[in-house]
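As structure tokens, the structure follows; a few thoughts come after it.
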Amino acid sequence: MTFNATQIREDFPIFERTIREGKRLVYLDSGATSQKPNVVIEAESNFYRLHNAAVHRGAHQLAEEATDAYEGARGIVAQFLGAASDEIIFTKSATESLNLLAYAFGNAYSGNRFHLQPGDRIVVTEMEHHANLIPWQELAKRTGAELAWFSVDESGRLDLSDIDSVITVKTKVVALTHQSNVLGTINPLDAIVARAHEVGAIVILDACQSVPHMPIDVKGLGVDFLAFSGHKSLGPTGVGILWGRSELLNELPPFLYGGSMIETVTMTNSTWASAPRKFEAGVPNMAQAVGLGAALEYLQKIGLPDIHVHEMALTEQLINGLQEMSGVRIIGPADLTMRGGVVSFTMANIHPHDLGQFLDAQGIAVRTGHHCAWPLNRKLGVVATTRASIYLYNDEADIDALLTGVAAASKYFARG
């Protein structure tokens with residue numbers, strides 16, 4: 001079946017509405033959150049309407065139906081990632097998934113492979129979202145470990161020339177983004193994973209910007225843990241995923257304590273259930289998990305390879321159009337090699353916030369600001385950028401509208 005963004009848009013009720021005095025909605029902010037198709041909205045609604053009960057509790061029919069729906073969603077996520085069901089942990093967000101790991105590492109006792117101490121090293125990159133930087137900063141402070149990082153070159157790529165001196169024999173954790181939410185850069189994992197595993201380090205991948213847009217096989221990537229968010233993947237808010245290798249999850253200490261995650265409890269001691277339940281204390285976001293399952297099935301039905309090709313064609317159209325304008329600087333790679341559908345840029349003499357408001361008046365939604373990546377912005381010498389992020393429901397008309405809006409803004413602000 002030929003990819004057809006116009007037909008796909010019909011599955012998303014939000015595109016039936018207009019904004020700003022009747023203008024067509026041009027939504028280019030999917031890197032922040034994606035829109036939701038009808039099948040996701042209905043799946044979440046139907047859970048509450050027909051099956052609502054606490055999962056893994058109770059012997060009545062509704063509890064059984066709720067549990068089946070919840071665990072069925074876990075199976076869908078596992079199949080989507082090429083993983084086993086017991087390797088999938090539901091969280092409330094990718095941010096919580098990454099914090100789960102950082103706090104669990106901090107809970108590890110001496111002798112556990114996840115235990116960190118002074119002299120150990122945690123490695124990140126300069127292009128990390130705050131969600132994959134601050135938890136490791138704080139873990140380093142709590143444990144006395146050293147924080148080190150790969151730098152970003154002028155083209156927006158990681159500098160791996162000194163990989164052996166960054167990932168040393170003291171390295172215990174390497175945490176990095178798969179695709180930058182600012183630059184669009186897709187990082188080369190093979191060399192990083194090989195070096196990390198050579199020294200016995202754990203590799204953690206922030207895949208928020210890659211999982212919704214391209215085929216992902218966790219076993220093929222070679223990483224040890226992976227996190228992504230539901231709301232960026234056409235799914236509901238309030239649900240995230242942490243994938244981990246089964247043998248590592250069994251050794252990893254819990255993050256939260258309470259109901260559902262226990263095996264036995266006495267007044268003085270407790271033991272833990274096996275993964276994934278060990279990491280899902282309390283009643284989880286059940287309807288949201290079911291909605292995420294529907295979202296991933298929808299993406300698979302359309303086809304992740306086709307989605308990626310479509311996004312890259314629109315990315316090329318946008319980059320080429322911006323490069324033809326004077327005063328525009330693209331922040332990140334200008335070529336399509338190892339790149340995703342996120343394009344950040346600046347305009348001479350126009351603050352990104354002013355540009356964002358001008359475009360919003362035309363019905364065009366983009367992101368402006370530092371995009372939760374202050375260290376990267378400082379490295380690249382910018383205070384903020386305008387970011388357009390592309391998804392399966394965008395088309396050439398959306399890109400044309402953005403380019404027309406940017407050109408109009410240039411003329412408008414030049415007049416003062």
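Identifiers for the structure tokens are assigned positionally: chains receive A, B, ... in sequence, residues are indexed from 1 per chain, and ligands are indexed from 1 in the order shown.
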What residues in segment 220-251 of chain A get the DSSP label alpha helix (DSSP H)? Please answer as a VMD selection string.
chain A and resid 220 to 221 246 to 251
For the residues selected in the previous step, produce a file with C-alpha atoms as a compact mmCIF listing (two decimals), in the first residue's frame.
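Final output, again06.txt:
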# COMPACT_ATOMS: atom_id res chain seq x y z
CA GLY A 220 20.22 -5.81 17.20
CA LEU A 221 21.17 -2.51 18.83
CA SER A 246 16.22 -10.11 31.45
CA GLU A 247 19.36 -11.14 33.31
CA LEU A 248 20.07 -7.51 34.23
CA LEU A 249 16.53 -6.83 35.42
CA ASN A 250 16.76 -9.82 37.73
CA GLU A 251 19.86 -8.33 39.39
Using only C-alpha atoms, determine which residues lie at most 6 Å from segment 175-186 of chain A, disregarding the query and same-chain residues fewer than 3 positions distant; provide the list as a PyMOL selection string.
chain A and resi 124+203-207+209-210+332+338-340+342
Could the residues in this selection be saved with N, CA and C atoms as a tab-separated table (two decimals), in the first residue's frame?
chain	number	residue	atom	x	y	z
A	124	VAL	N	28.18	10.20	29.49
A	124	VAL	CA	27.02	10.70	28.74
A	124	VAL	C	27.55	11.45	27.51
A	203	VAL	N	25.11	-0.14	28.93
A	203	VAL	CA	24.73	0.88	27.95
A	203	VAL	C	23.23	1.13	28.04
A	204	ILE	N	22.87	2.39	28.26
A	204	ILE	CA	21.48	2.82	28.40
A	204	ILE	C	21.15	3.77	27.26
A	205	LEU	N	20.07	3.50	26.56
A	205	LEU	CA	19.72	4.28	25.38
A	205	LEU	C	18.40	5.03	25.59
A	206	ASP	N	18.45	6.35	25.41
A	206	ASP	CA	17.25	7.18	25.37
A	206	ASP	C	16.76	7.15	23.93
A	207	ALA	N	15.67	6.43	23.69
A	207	ALA	CA	15.17	6.22	22.32
A	207	ALA	C	13.86	6.95	22.07
A	209	GLN	N	13.22	9.72	20.61
A	209	GLN	CA	13.08	10.33	19.29
A	209	GLN	C	13.30	9.34	18.15
A	210	SER	N	13.59	8.08	18.46
A	210	SER	CA	13.84	7.10	17.41
A	210	SER	C	12.76	6.02	17.34
A	332	GLY	N	22.71	21.61	13.50
A	332	GLY	CA	22.74	20.15	13.32
A	332	GLY	C	23.13	19.80	11.90
A	338	MET	N	22.51	9.43	8.66
A	338	MET	CA	22.33	9.20	10.10
A	338	MET	C	21.60	10.38	10.74
A	339	ARG	N	20.38	10.62	10.23
A	339	ARG	CA	19.61	11.78	10.66
A	339	ARG	C	18.14	11.44	10.75
A	340	GLY	N	17.42	12.12	11.63
A	340	GLY	CA	15.98	11.97	11.75
A	340	GLY	C	15.26	13.25	11.38
A	342	VAL	N	13.98	15.93	12.60
A	342	VAL	CA	13.96	17.07	13.51
A	342	VAL	C	14.93	18.11	12.94
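Using only C-alpha atoms for every distance, the candidate list A:Ser326, A:Ser389, A:Asn394, A:Asn285 yields A:Asn285 as the residue closest to Thr67 of chain A.
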Top pick for closest residue to Phe12 of chain A, considering A:Pro236, A:Pro37, A:Gly31, A:Gly341 and counting only C-alpha atoms
A:Pro37
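Using only C-alpha atoms, the smallest distance between any of A:Gly282, A:Pro253, A:Pro305, A:Gly240 and Phe3 of chain A comes from A:Pro305.
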Which one is closest to Ala102 of chain A: A:Ile202, A:Val26, A:Ala84, A:Val166? Count only C-alpha atoms.
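With only C-alpha atoms as the atom set, the closest residue is A:Ile202.
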